[in-house]
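A.B. asks: Below you will find the structure I want to go over with you.
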Amino acid sequence: MAEIKQYVFFDFEMLCSNFGMAFENMEAIRLGAVKYDLETEDISYFDRMIKPESQEPLSEFCKALTGIEDADLENASNFKLVFADFLDWVGGVKKSRYFSWSPSDLSRLKIDADKHDIPLRTITKIEKRYIDFQEIFKKRVAKQNVSVEDALAFYGLKFVGEKHHPMYDAYNTLRIYLSFLNEPVQSDLIMLKQFIFEEELPHDADLINKKLEYHLKQDAKLLAEQLREVYQMRDAKKLFKPIRRIVEKYENVLINRSGLFTKENMHHAERLVAFYHQLLLSYNEHISYSSKIIIFDEYLLKPLRDLSSIR
C-alpha cells in the first residue's frame, strides 16, 4: 500500500424527512471535505451541492435541518460528476487516509457510487483506507457515541462554522482528530473520567494511579465475589456481557498512549484482560465438547483473587 501523505475527512448531507425514510433513498445532496497535508499541515477545502435523482421537492424538515433549498440543487451536478471533481481535488486516492464521523457517510458513498456506475475498484480503494473516527473516539476516549460538538467540548473547543454544513462538519472532525492525536494526556484523562472514575480526577499523576489501582482492585474483587466455580452452560453465557463491560474499562490503560499509567497498573490491567480472554477460551472449549456445565478452576480465577488483594 502506498505511503499515506494526507488525511481526507468527508461528510454528506442527505435527503431526509421527519416521517422517516429508508437509508437507500436518502441520496446525497451535498458533499463537504477537508484535506490535511501531513508534511506541511496545510488544509484544503471541498464543498459541492449534488442534484439527486429524486424529483420530489425537499421536505420542510430537510430544509430546516440542512439549510439547503430546492433552488440550491436545481443547477447542481449529479453525484457522478461531483464525485469525479472530488477525486481530482483529493489528487491521489492511494496516498490518502479517509475519515468520517460515523460509518453512514461511507455507506452513503457506496450506495450512490453503485447507483451512478462508479467503478467498484475506486470505492474499494477508499474503503480499504477508511476509518470511522467516531468509533475510534468512542473506544479510546468517550465510551459512547457522542456528537461532534460534544467531542470538541472534551478538549475545550467550540464548533467552528455553520452546523449541518458538511464541509464544516468535516473540518471540525479533523480538529477533534488532531486534538486526540496531539494531546494524548488530555485524551487519557477524559477516558479515565468517562470509563472508570465517577469522582473528580486528581491533578497529580501519582494520585491518579493510586485511584486507578483502587478501581482495578474493586472491580476484580466484585468479579471474584460474583463468580462461582460451577455453572450450567446456559447460565455461563449470561456472564460475558457484564464481565466484558468491566474489562473494557481498562483496555486503554494497556495502550497507555499518554505514558500516564504506571507499569504496575498496566500489568494489573493486562492480567484482567487476560483473565477475560481465558474465560472465553474455556467457555468455547466446553461448547466444543457439548458440555452441560462449566467449571471455573482455581487457575482461571487466580488473577481476580490476586488483583482483589492488591495492597
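Going through the C-alpha cells in order, the chains are called A, B, and so on, while each chain numbers its residues from 1 and the ligands are numbered from 1 in the order shown.
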For segment 296-311 of chain A, list every protein, DNA or RNA residue within 8 Å, evaluated using only C-alpha atoms, and leave out those in the same chain fewer than 3 positions away; present the list as a PyMOL selection string.

C.D. replies: chain A and resi 216-221+223-224+228-230+268+271-272+275+278-279

A.B. asks: Emit the selected residues as a PDB file, in the first residue's frame, including C-alpha atoms.

C.D. replies:
ATOM      1  CA  LEU A 216      -8.950  -2.109  39.451  1.00  0.00           C
ATOM      2  CA  LYS A 217      -8.912  -3.814  42.833  1.00  0.00           C
ATOM      3  CA  GLN A 218     -12.599  -3.118  43.484  1.00  0.00           C
ATOM      4  CA  ASP A 219     -13.697  -4.378  40.077  1.00  0.00           C
ATOM      5  CA  ALA A 220     -11.574  -7.524  40.417  1.00  0.00           C
ATOM      6  CA  LYS A 221     -12.999  -8.082  43.890  1.00  0.00           C
ATOM      7  CA  LEU A 223     -15.933 -10.261  39.866  1.00  0.00           C
ATOM      8  CA  ALA A 224     -14.214 -12.662  42.256  1.00  0.00           C
ATOM      9  CA  ARG A 228     -18.983 -19.318  41.294  1.00  0.00           C
ATOM     10  CA  GLU A 229     -16.886 -22.344  40.388  1.00  0.00           C
ATOM     11  CA  VAL A 230     -19.633 -24.312  38.604  1.00  0.00           C
ATOM     12  CA  HIS A 268      -2.831  -5.238  36.564  1.00  0.00           C
ATOM     13  CA  ARG A 271      -3.991  -9.587  33.922  1.00  0.00           C
ATOM     14  CA  LEU A 272      -7.646  -8.548  33.992  1.00  0.00           C
ATOM     15  CA  PHE A 275      -8.499 -13.360  32.536  1.00  0.00           C
ATOM     16  CA  GLN A 278      -9.014 -17.138  29.169  1.00  0.00           C
ATOM     17  CA  LEU A 279     -12.621 -17.247  30.348  1.00  0.00           C
TER      18      LEU A 279
END

A.B. asks: What are the DSSP alpha helix (DSSP H) residues of segment 149-214 of chain A, as a PyMOL selection string?

C.D. replies: chain A and resi 149-154+166-182+184-195+205-214

A.B. asks: Can you list every residue of segment 161-234 of chain A that has an atom at most 10 Å from segment 133-157 of chain A, with its nearest atom pair and the distance in Å to one decimal, using only C-alpha atoms, ordered by chain then number, as a Markdown table?

C.D. replies:
| residue | atom | partner | partner_atom | distance |
| --- | --- | --- | --- | --- |
| A:Lys163 | CA | A:Glu149 | CA | 9.5 |
| A:Asp169 | CA | A:Val148 | CA | 7.5 |
| A:Ala170 | CA | A:Val148 | CA | 9.5 |
| A:Asn172 | CA | A:Val148 | CA | 7.1 |
| A:Thr173 | CA | A:Val148 | CA | 6.6 |
| A:Leu174 | CA | A:Phe133 | CA | 9.6 |
| A:Arg175 | CA | A:Leu152 | CA | 7.8 |
| A:Ile176 | CA | A:Leu152 | CA | 5.9 |
| A:Tyr177 | CA | A:Phe133 | CA | 7.8 |
| A:Ser179 | CA | A:Tyr155 | CA | 7.1 |
| A:Phe180 | CA | A:Phe137 | CA | 8.2 |
| A:Glu183 | CA | A:Tyr155 | CA | 8.9 |
| A:Gln186 | CA | A:Tyr155 | CA | 7.5 |
| A:Ser187 | CA | A:Val141 | CA | 6.1 |
| A:Asp188 | CA | A:Val141 | CA | 6.8 |
| A:Leu189 | CA | A:Val141 | CA | 8.6 |
| A:Ile190 | CA | A:Val141 | CA | 6.2 |
| A:Met191 | CA | A:Val141 | CA | 4.3 |
| A:Leu192 | CA | A:Val141 | CA | 8.1 |
| A:Lys193 | CA | A:Ala142 | CA | 8.9 |
| A:Gln194 | CA | A:Ala142 | CA | 5.9 |
| A:Phe195 | CA | A:Lys143 | CA | 6.1 |
| A:Ile196 | CA | A:Lys143 | CA | 9.9 |

A.B. asks: Can you tell me which residues surround Phe240 of chain A at a distance of at most 10 Å, considering only C-alpha atoms, apart from same-chain residues fewer than 5 positions away, and format the answer as a PDB file with N, CA and C atoms, in the first residue's frame?

C.D. replies:
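Wrote selection32.pdb, looks like this:
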ATOM      1  N   ASP A 235     -26.292 -20.610  31.760  1.00  0.00           N
ATOM      2  CA  ASP A 235     -26.116 -19.517  32.716  1.00  0.00           C
ATOM      3  C   ASP A 235     -24.757 -18.841  32.529  1.00  0.00           C
ATOM      4  N   ARG A 245     -18.024  -5.610  30.006  1.00  0.00           N
ATOM      5  CA  ARG A 245     -18.174  -4.178  30.298  1.00  0.00           C
ATOM      6  C   ARG A 245     -17.148  -3.713  31.326  1.00  0.00           C
ATOM      7  N   ILE A 246     -16.856  -4.570  32.306  1.00  0.00           N
ATOM      8  CA  ILE A 246     -15.868  -4.211  33.320  1.00  0.00           C
ATOM      9  C   ILE A 246     -14.461  -4.229  32.734  1.00  0.00           C
ATOM     10  N   TYR A 276     -10.206 -12.373  31.108  1.00  0.00           N
ATOM     11  CA  TYR A 276     -11.413 -12.401  30.295  1.00  0.00           C
ATOM     12  C   TYR A 276     -11.224 -13.285  29.063  1.00  0.00           C
ATOM     13  N   LEU A 279     -11.244 -16.851  30.050  1.00  0.00           N
ATOM     14  CA  LEU A 279     -12.621 -17.247  30.348  1.00  0.00           C
ATOM     15  C   LEU A 279     -13.362 -17.597  29.057  1.00  0.00           C
ATOM     16  N   LEU A 280     -13.206 -16.768  28.038  1.00  0.00           N
ATOM     17  CA  LEU A 280     -13.824 -17.046  26.738  1.00  0.00           C
ATOM     18  C   LEU A 280     -13.299 -18.348  26.144  1.00  0.00           C
ATOM     19  N   TYR A 283     -14.807 -21.298  27.946  1.00  0.00           N
ATOM     20  CA  TYR A 283     -16.212 -21.462  27.562  1.00  0.00           C
ATOM     21  C   TYR A 283     -16.319 -22.120  26.176  1.00  0.00           C
TER      22      TYR A 283
END

A.B. asks: Extract, using only C-alpha atoms, all DNA, RNA and protein residues at most 12 Å from Leu81 of chain A, discarding same-chain residues fewer than 4 positions from it, and format them as a PDB file with N, CA and C atoms, in the first residue's frame.

C.D. replies:
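Just written: out29.pdb:
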ATOM      1  N   LEU A  31     -21.737  17.356  -0.601  1.00  0.00           N
ATOM      2  CA  LEU A  31     -20.517  16.702  -0.149  1.00  0.00           C
ATOM      3  C   LEU A  31     -19.523  17.770   0.298  1.00  0.00           C
ATOM      4  N   ARG A  48     -19.522  20.924  -2.396  1.00  0.00           N
ATOM      5  CA  ARG A  48     -20.332  20.906  -3.619  1.00  0.00           C
ATOM      6  C   ARG A  48     -21.743  20.414  -3.335  1.00  0.00           C
ATOM      7  N   MET A  49     -22.732  21.097  -3.910  1.00  0.00           N
ATOM      8  CA  MET A  49     -24.105  20.604  -3.916  1.00  0.00           C
ATOM      9  C   MET A  49     -24.215  19.456  -4.916  1.00  0.00           C
ATOM     10  N   ILE A  50     -25.158  18.561  -4.685  1.00  0.00           N
ATOM     11  CA  ILE A  50     -25.362  17.403  -5.562  1.00  0.00           C
ATOM     12  C   ILE A  50     -26.849  17.318  -5.922  1.00  0.00           C
ATOM     13  N   LYS A  51     -27.138  17.262  -7.192  1.00  0.00           N
ATOM     14  CA  LYS A  51     -28.527  17.132  -7.620  1.00  0.00           C
ATOM     15  C   LYS A  51     -28.954  15.672  -7.521  1.00  0.00           C
ATOM     16  N   PRO A  52     -29.951  15.363  -6.697  1.00  0.00           N
ATOM     17  CA  PRO A  52     -30.362  13.965  -6.549  1.00  0.00           C
ATOM     18  C   PRO A  52     -31.193  13.490  -7.739  1.00  0.00           C
ATOM     19  N   ALA A  76     -27.177  22.121  -9.777  1.00  0.00           N
ATOM     20  CA  ALA A  76     -26.055  21.328  -9.267  1.00  0.00           C
ATOM     21  C   ALA A  76     -25.774  20.143 -10.187  1.00  0.00           C
ATOM     22  N   SER A  77     -24.553  19.661 -10.167  1.00  0.00           N
ATOM     23  CA  SER A  77     -24.187  18.463 -10.936  1.00  0.00           C
ATOM     24  C   SER A  77     -24.680  17.223 -10.207  1.00  0.00           C
ATOM     25  N   ASP A  85     -15.067  15.310  -9.502  1.00  0.00           N
ATOM     26  CA  ASP A  85     -14.375  16.534  -9.057  1.00  0.00           C
ATOM     27  C   ASP A  85     -13.713  16.316  -7.695  1.00  0.00           C
ATOM     28  N   PHE A  86     -14.390  15.571  -6.835  1.00  0.00           N
ATOM     29  CA  PHE A  86     -13.842  15.264  -5.517  1.00  0.00           C
ATOM     30  C   PHE A  86     -12.539  14.469  -5.647  1.00  0.00           C
ATOM     31  N   LEU A  87     -12.520  13.479  -6.522  1.00  0.00           N
ATOM     32  CA  LEU A  87     -11.303  12.682  -6.725  1.00  0.00           C
ATOM     33  C   LEU A  87     -10.169  13.529  -7.289  1.00  0.00           C
ATOM     34  N   ASP A  88     -10.505  14.449  -8.205  1.00  0.00           N
ATOM     35  CA  ASP A  88      -9.481  15.364  -8.728  1.00  0.00           C
ATOM     36  C   ASP A  88      -8.913  16.229  -7.606  1.00  0.00           C
ATOM     37  N   ASP A 112     -24.518   5.409  -3.403  1.00  0.00           N
ATOM     38  CA  ASP A 112     -24.658   6.354  -4.510  1.00  0.00           C
ATOM     39  C   ASP A 112     -23.651   6.075  -5.625  1.00  0.00           C
ATOM     40  N   ALA A 113     -22.475   5.587  -5.257  1.00  0.00           N
ATOM     41  CA  ALA A 113     -21.489   5.224  -6.278  1.00  0.00           C
ATOM     42  C   ALA A 113     -22.002   4.076  -7.131  1.00  0.00           C
ATOM     43  N   HIS A 116     -24.666   5.218  -9.542  1.00  0.00           N
ATOM     44  CA  HIS A 116     -24.176   6.051 -10.649  1.00  0.00           C
ATOM     45  C   HIS A 116     -23.039   5.383 -11.424  1.00  0.00           C
ATOM     46  N   ASP A 117     -22.921   4.067 -11.263  1.00  0.00           N
ATOM     47  CA  ASP A 117     -21.969   3.264 -12.055  1.00  0.00           C
ATOM     48  C   ASP A 117     -20.523   3.723 -11.914  1.00  0.00           C
ATOM     49  N   ILE A 118     -20.168   4.160 -10.728  1.00  0.00           N
ATOM     50  CA  ILE A 118     -18.765   4.486 -10.445  1.00  0.00           C
ATOM     51  C   ILE A 118     -18.025   3.183 -10.208  1.00  0.00           C
TER      52      ILE A 118
END

A.B. asks: Hey, what does DSSP flag as strand (DSSP E) within segment 2-196 of chain A? Can you give it to me as number ranges by chain?

C.D. replies: A: 6-14, 28-37, 43-49, 96-100, 130-132

A.B. asks: Tell me which protein, DNA and RNA residues are within 9 Å of Glu60 of chain A, counting only C-alpha atoms, leaving out same-chain ones fewer than 3 positions away, and put them as an mmCIF file with C-alpha atoms, in the first residue's frame.

C.D. replies:
data_model
loop_
_atom_site.group_PDB
_atom_site.id
_atom_site.type_symbol
_atom_site.label_atom_id
_atom_site.label_comp_id
_atom_site.auth_asym_id
_atom_site.auth_seq_id
_atom_site.Cartn_x
_atom_site.Cartn_y
_atom_site.Cartn_z
ATOM 1 C CA SER A 17 -37.800 13.510 6.283
ATOM 2 C CA ASN A 18 -39.294 13.763 9.757
ATOM 3 C CA LYS A 63 -34.592 22.352 4.514
ATOM 4 C CA ALA A 64 -34.591 23.380 8.164
ATOM 5 C CA LEU A 65 -32.033 20.729 9.137
#

A.B. asks: Give the answer as one residue: which of A:Ser44, A:Leu178, A:Phe61, A:Asp11 has the shortest atom-to-atom distance to Asp105 of chain A, using only C-alpha atoms?

C.D. replies: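 Of A:Ser44, A:Leu178, A:Phe61, A:Asp11, the one nearest Asp105 of chain A is A:Asp11, counting only C-alpha atoms.
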
A.B. asks: Quick one: pull the distance between atom CA of Asn75 of chain A and atom CA of Val34 of chain A, Å, one decimal.

C.D. replies: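 These two atoms are separated by 23.5 Å.
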
A.B. asks: Please indicate the distance in Å from atom CA of Leu120 of chain A to atom CA of Glu3 of chain A, rounded to one decimal place.

C.D. replies: 22.0 Å

A.B. asks: Between A:Met21, A:Leu212, A:Leu222, A:Ile243, single out the one closest to Met266 of chain A, counting only C-alpha atoms.

C.D. replies: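 With only C-alpha atoms as the atom set, the closest residue is A:Leu212.
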
A.B. asks: Compile the contact shell of Ala205 of chain A as a list in words: residues with an atom at most 10 Å away, counting only C-alpha atoms, same-chain residues fewer than 5 positions apart removed.

C.D. replies: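 With the cut-off at 10 Å, the set is Lys210, Lys211, Leu260, Phe261 and Thr262 of chain A.
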
A.B. asks: Residues within 12 Å of Ser291 of chain A, please, as a PyMOL selection string. Count only C-alpha atoms; anything in the same chain fewer than 2 positions from it doesn't count.

C.D. replies: chain A and resi 231-234+236+282-289+293-295

A.B. asks: Next, write the just-selected residues to a file, as an mmCIF file, in the first residue's frame, keeping C-alpha atoms as the atom set.

C.D. replies:
data_model
loop_
_atom_site.group_PDB
_atom_site.id
_atom_site.type_symbol
_atom_site.label_atom_id
_atom_site.label_comp_id
_atom_site.auth_asym_id
_atom_site.auth_seq_id
_atom_site.Cartn_x
_atom_site.Cartn_y
_atom_site.Cartn_z
ATOM 1 C CA TYR A 231 -22.262 -23.058 36.142
ATOM 2 C CA GLN A 232 -24.770 -24.503 33.756
ATOM 3 C CA MET A 233 -23.595 -23.568 30.256
ATOM 4 C CA ARG A 234 -26.724 -21.534 29.531
ATOM 5 C CA ALA A 236 -22.407 -19.091 31.987
ATOM 6 C CA SER A 282 -12.569 -22.060 28.490
ATOM 7 C CA TYR A 283 -16.212 -21.462 27.562
ATOM 8 C CA ASN A 284 -15.593 -22.199 23.863
ATOM 9 C CA GLU A 285 -13.720 -25.394 24.736
ATOM 10 C CA HIS A 286 -16.674 -26.571 26.812
ATOM 11 C CA ILE A 287 -19.005 -25.734 23.910
ATOM 12 C CA SER A 288 -16.870 -27.790 21.527
ATOM 13 C CA TYR A 289 -17.257 -30.820 23.828
ATOM 14 C CA ILE A 293 -21.702 -27.478 32.862
ATOM 15 C CA ILE A 294 -18.554 -25.382 33.043
ATOM 16 C CA ILE A 295 -16.077 -25.391 35.902
#
